[in-house]
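What follows is the content of protein-v4.csv (CSV, C-alpha atoms).
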```csv
chain,number,residue,atom,x,y,z
F,1,MET,CA,-23.4,-159.9,-52.8
F,2,ASP,CA,-21.6,-158.6,-49.9
F,3,ASP,CA,-19.6,-155.4,-49.6
F,4,GLN,CA,-16.3,-157.2,-49.4
F,5,THR,CA,-16.9,-158.9,-52.8
F,6,LEU,CA,-18.0,-155.6,-54.3
F,7,GLN,CA,-14.9,-153.7,-53.0
F,8,ALA,CA,-12.6,-156.5,-54.3
F,9,ALA,CA,-14.3,-156.4,-57.7
F,10,ARG,CA,-13.9,-152.6,-57.8
F,11,ARG,CA,-10.1,-153.1,-57.2
F,12,GLY,CA,-9.9,-155.5,-60.2
F,13,ASP,CA,-10.2,-158.9,-58.4
F,14,ARG,CA,-11.3,-161.2,-61.3
F,15,ASP,CA,-12.9,-163.8,-59.0
F,16,ALA,CA,-14.9,-161.2,-57.1
F,17,LEU,CA,-16.0,-159.7,-60.4
F,18,GLY,CA,-17.1,-163.1,-61.6
F,19,VAL,CA,-19.2,-163.5,-58.5
F,20,LEU,CA,-20.9,-160.2,-59.2
F,21,LEU,CA,-21.5,-161.0,-62.9
F,22,ARG,CA,-22.9,-164.4,-62.1
F,23,GLY,CA,-25.3,-162.9,-59.6
F,24,LEU,CA,-26.6,-160.2,-62.0
F,25,GLN,CA,-26.6,-161.8,-65.4
F,26,ASP,CA,-30.0,-163.5,-65.1
F,27,SER,CA,-31.7,-160.2,-64.2
F,28,TRP,CA,-30.1,-158.5,-67.2
F,29,TYR,CA,-31.2,-161.3,-69.6
F,30,ARG,CA,-34.8,-161.4,-68.2
F,31,MET,CA,-35.2,-157.7,-68.4
F,32,SER,CA,-33.6,-157.5,-71.9
F,33,LEU,CA,-35.9,-160.3,-73.2
F,34,SER,CA,-38.9,-158.5,-71.8
F,35,LEU,CA,-37.9,-155.2,-73.4
F,36,LEU,CA,-36.5,-156.5,-76.7
F,37,GLY,CA,-38.6,-159.6,-77.3
F,38,THR,CA,-36.1,-162.0,-78.8
F,39,PRO,CA,-33.6,-164.3,-77.1
F,40,ASP,CA,-30.8,-163.3,-79.5
F,41,LEU,CA,-31.2,-159.5,-78.8
F,42,ALA,CA,-31.6,-160.3,-75.1
F,43,GLU,CA,-28.3,-162.2,-75.1
F,44,ASP,CA,-26.6,-159.3,-76.9
F,45,ALA,CA,-28.0,-156.8,-74.5
F,46,ALA,CA,-26.9,-158.9,-71.4
F,47,GLN,CA,-23.4,-159.2,-72.8
F,48,GLU,CA,-23.1,-155.5,-73.6
F,49,THR,CA,-24.4,-154.8,-70.1
F,50,ALA,CA,-21.7,-157.0,-68.6
F,51,ILE,CA,-19.0,-155.1,-70.6
F,52,ARG,CA,-20.3,-151.7,-69.5
F,53,PHE,CA,-20.8,-152.9,-65.9
F,54,MET,CA,-17.2,-154.0,-65.7
F,55,ARG,CA,-16.0,-150.7,-67.2
F,56,GLN,CA,-18.1,-148.5,-65.0
F,57,LEU,CA,-17.8,-150.5,-61.7
F,58,PRO,CA,-14.8,-148.6,-60.4
F,59,GLY,CA,-16.9,-145.4,-60.6
F,60,PHE,CA,-19.9,-147.0,-58.7
F,61,ARG,CA,-20.4,-144.7,-55.7
F,62,GLY,CA,-22.8,-147.0,-53.7
F,63,GLU,CA,-25.6,-144.4,-53.6
F,64,SER,CA,-28.0,-147.1,-54.7
F,65,GLN,CA,-28.1,-150.9,-54.6
F,66,LEU,CA,-25.7,-152.5,-57.0
F,67,ARG,CA,-28.5,-154.4,-58.7
F,68,THR,CA,-30.5,-151.2,-59.2
F,69,TRP,CA,-27.5,-149.4,-60.7
F,70,SER,CA,-26.7,-152.4,-63.0
F,71,LEU,CA,-30.3,-152.6,-64.2
F,72,GLY,CA,-30.1,-148.9,-65.1
F,73,ILE,CA,-27.1,-149.8,-67.3
F,74,CYS,CA,-29.1,-152.7,-68.8
F,75,LEU,CA,-32.1,-150.4,-69.5
F,76,ASN,CA,-29.8,-148.0,-71.4
F,77,VAL,CA,-28.3,-150.8,-73.5
F,78,ALA,CA,-31.8,-152.2,-74.3
F,79,ARG,CA,-32.9,-148.7,-75.4
F,80,GLU,CA,-29.9,-148.4,-77.7
F,81,ILE,CA,-30.4,-151.9,-79.2
F,82,ARG,CA,-34.1,-151.0,-79.8
F,83,ARG,CA,-33.0,-147.9,-81.7
F,84,TRP,CA,-30.4,-149.7,-83.7
F,85,SER,CA,-32.4,-152.7,-84.7
F,86,ALA,CA,-35.3,-152.9,-87.1
F,87,CYS,CA,-36.7,-155.8,-84.9
F,88,LYS,CA,-40.2,-155.5,-83.6
F,89,ALA,CA,-40.5,-156.7,-80.1
F,90,ALA,CA,-42.0,-160.2,-79.7
F,91,SER,CA,-42.7,-160.8,-83.4
F,92,GLY,CA,-41.7,-164.3,-84.2
F,93,ALA,CA,-39.6,-164.7,-81.0
F,94,ASP,CA,-38.5,-168.2,-80.1
F,95,TYR,CA,-40.1,-168.4,-76.7
F,96,ALA,CA,-39.7,-172.1,-76.5
F,97,ALA,CA,-35.9,-171.6,-76.5
F,98,ALA,CA,-36.1,-168.7,-74.0
F,99,ASP,CA,-38.4,-170.5,-71.6
F,100,SER,CA,-37.0,-174.1,-71.3
F,101,ALA,CA,-39.8,-176.5,-70.6
F,102,ASP,CA,-40.5,-177.5,-67.0
F,103,PRO,CA,-40.1,-181.3,-66.8
F,104,ALA,CA,-43.0,-181.4,-64.3
F,105,LEU,CA,-45.4,-180.0,-66.9
F,106,SER,CA,-47.2,-182.0,-69.5
F,107,PRO,CA,-46.4,-181.1,-73.1
F,108,GLU,CA,-49.8,-179.5,-73.4
F,109,ALA,CA,-49.3,-177.4,-70.2
F,110,SER,CA,-45.8,-176.5,-71.3
F,111,ALA,CA,-47.1,-175.3,-74.7
F,112,MET,CA,-49.8,-173.3,-73.0
F,113,ARG,CA,-47.2,-171.7,-70.8
F,114,ILE,CA,-45.1,-170.8,-73.7
F,115,GLU,CA,-48.1,-169.4,-75.6
F,116,GLY,CA,-49.0,-167.3,-72.5
F,117,ILE,CA,-45.5,-165.9,-72.3
F,118,ARG,CA,-45.6,-165.1,-76.1
F,119,SER,CA,-49.0,-163.3,-75.6
F,120,LEU,CA,-47.7,-161.3,-72.7
F,121,HIS,CA,-44.7,-160.1,-74.6
F,122,GLU,CA,-46.9,-159.3,-77.6
F,123,MET,CA,-49.1,-157.2,-75.3
F,124,LEU,CA,-46.0,-155.5,-73.8
F,125,ALA,CA,-44.7,-154.7,-77.2
F,126,LEU,CA,-47.9,-152.6,-77.9
F,127,LEU,CA,-47.2,-150.3,-75.0
F,128,PRO,CA,-45.1,-147.2,-75.3
F,129,GLU,CA,-41.5,-147.9,-74.5
F,130,ARG,CA,-41.5,-146.0,-71.2
F,131,GLN,CA,-44.5,-147.8,-69.9
F,132,ARG,CA,-43.1,-151.2,-70.9
F,133,GLU,CA,-39.8,-150.4,-69.1
F,134,ALA,CA,-41.6,-149.4,-65.9
F,135,LEU,CA,-43.7,-152.6,-65.9
F,136,VAL,CA,-40.7,-154.8,-66.5
F,137,LEU,CA,-38.6,-153.2,-63.8
F,138,ARG,CA,-41.4,-153.0,-61.3
F,139,PHE,CA,-43.1,-156.4,-61.7
F,140,PHE,CA,-40.7,-158.7,-63.7
F,141,GLU,CA,-37.6,-157.6,-61.8
F,142,GLU,CA,-39.6,-157.0,-58.6
F,143,MET,CA,-38.0,-153.6,-57.9
F,144,SER,CA,-39.5,-151.1,-55.5
F,145,VAL,CA,-41.0,-147.9,-56.9
F,146,GLU,CA,-37.9,-146.1,-55.6
F,147,GLN,CA,-35.5,-148.5,-57.3
F,148,THR,CA,-37.5,-148.4,-60.5
F,149,ALA,CA,-37.4,-144.6,-60.5
F,150,GLU,CA,-33.6,-144.7,-59.9
F,151,ALA,CA,-33.0,-147.1,-62.8
F,152,MET,CA,-35.2,-145.1,-65.1
F,153,GLY,CA,-33.8,-141.7,-64.0
F,154,CYS,CA,-37.1,-140.2,-62.9
F,155,ALA,CA,-39.2,-139.5,-59.8
F,156,PRO,CA,-41.1,-142.2,-57.9
F,157,GLY,CA,-44.3,-140.4,-58.6
F,158,THR,CA,-43.6,-140.6,-62.3
F,159,VAL,CA,-43.0,-144.4,-62.0
F,160,LYS,CA,-46.4,-144.8,-60.2
F,161,ALA,CA,-48.2,-142.8,-62.9
F,162,THR,CA,-46.5,-144.6,-65.7
F,163,VAL,CA,-47.2,-148.1,-64.2
F,164,HIS,CA,-50.8,-147.0,-63.7
F,165,GLN,CA,-51.2,-145.9,-67.3
F,166,ALA,CA,-49.5,-149.1,-68.6
F,167,LEU,CA,-51.8,-151.3,-66.5
F,168,ARG,CA,-54.9,-149.3,-67.7
F,169,ALA,CA,-53.8,-149.7,-71.3
F,170,LEU,CA,-53.2,-153.4,-70.9
F,171,ARG,CA,-56.7,-153.8,-69.3
F,172,ARG,CA,-58.3,-152.0,-72.3
F,173,LYS,CA,-56.4,-154.2,-74.7
F,174,LEU,CA,-57.5,-157.4,-72.8
F,175,GLU,CA,-61.2,-156.5,-72.4
F,176,PRO,CA,-62.2,-157.7,-75.9
F,177,LEU,CA,-60.4,-161.1,-75.2
F,178,VAL,CA,-62.2,-161.8,-71.9
```
Rewrite the structure from the file as structure tokens, please.
Amino acid sequence: MDDQTLQAARRGDRDALGVLLRGLQDSWYRMSLSLLGTPDLAEDAAQETAIRFMRQLPGFRGESQLRTWSLGICLNVAREIRRWSACKAASGADYAAADSADPALSPEASAMRIEGIRSLHEMLALLPERQREALVLRFFEEMSVEQTAEAMGCAPGTVKATVHQALRALRRKLEPLV
């Protein structure tokens, strides 16, 4: 996403805004799915993020990357949806629908992949919310420590400590399974 497209979108150019939305919507959905655990809630969160993104875009100051800024909006939306819903992350989620089968994989391999994704989301759901958010932003969205800190509204050192704590907690939970 180039600066010219961004500036045009900020001025209200619908085509430029469409380019930005198409470029960001997959990240919003993936992050929301990882945090909320169900495709339906992830779709709701991605849609709400798009609405807020469009409303807030004219005020974007460019002090961070657009993607980082938009994932901060998405994170806040996901937090609100978690508070509003009685849904437990990853319980009964339809991962087969969320992770469309790779035609190159055999049915057995595809089923194993879906089960692995389900297990990962179940493990993430056991973490405290802040640890889960840090892992999703840092590793699933492949953001730097600084970008993750900006999206979460904290210091980079806090992100490092939170990710370390989350990984340690996941290792402890996985030890009995290995």
Next item on the list: Would you list the contacts of region 166-170 of chain F as number ranges by chain, taking every protein, DNA or RNA residue within 8 Å and counting only C-alpha atoms, but skipping same-chain residues closer than 6 positions in sequence?
Entry: F: 123, 127, 131-132, 135
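Nearest residue to Arg130 (chain F) among F:Val145, F:Ala42, F:Ala50, F:Leu35 is F:Leu35, counting all atoms listed in the file.
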Item checked: F:Met143, F:Leu41, F:Val136, F:Leu57 ranked by distance to Trp84 (chain F), top pick (using all atoms listed in the file) ->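 Smallest separation from Trp84 (chain F) among the options: F:Leu41.
Atom to atom, CA of Leu105 (chain F) and CA of Ser119 (chain F) stand 19.2 Å apart.
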Notebook entry, point to check: So how many Å separate CA of Ala8 (chain F) and CA of Met54 (chain F), to one decimal?
Noted result: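 If I compute the distance from CA of Ala8 (chain F) to CA of Met54 (chain F), I get 12.5 Å.
For the atom pair formed by CA of Ile73 (chain F) and CA of Ala125 (chain F), the distance is 20.8 Å, given to one decimal.
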Next item on the list: Would you mind listing what lies within 8 Å of Val159 (chain F) as a PyMOL selection string, with all atoms listed in the file counted and same-chain residues fewer than 3 positions away left out?
Entry: chain F and resi 134+145+148-149+154-156+162-163
Which residues come within 8 Å of Ser27 (chain F), counting only C-alpha atoms, excluding same-chain residues fewer than 3 positions away, as a short mmCIF file (atom, residue, chain, number, x, y, z; two decimals) with C-alpha atoms, in the coordinates of the input?
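Final file, around_3.cif:
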```cif
data_model
loop_
_atom_site.label_atom_id
_atom_site.label_comp_id
_atom_site.auth_asym_id
_atom_site.auth_seq_id
_atom_site.Cartn_x
_atom_site.Cartn_y
_atom_site.Cartn_z
CA LEU F 24 -26.60 -160.20 -62.00
CA ARG F 30 -34.80 -161.40 -68.20
CA MET F 31 -35.20 -157.70 -68.40
CA LEU F 71 -30.30 -152.60 -64.20
CA GLU F 141 -37.60 -157.60 -61.80
#
```
Checklist line | For Ala46 (chain F), the nearest of the candidates F:Trp28, F:Phe60, F:Phe140, F:Trp69, counting only C-alpha atoms | finding: F:Trp28
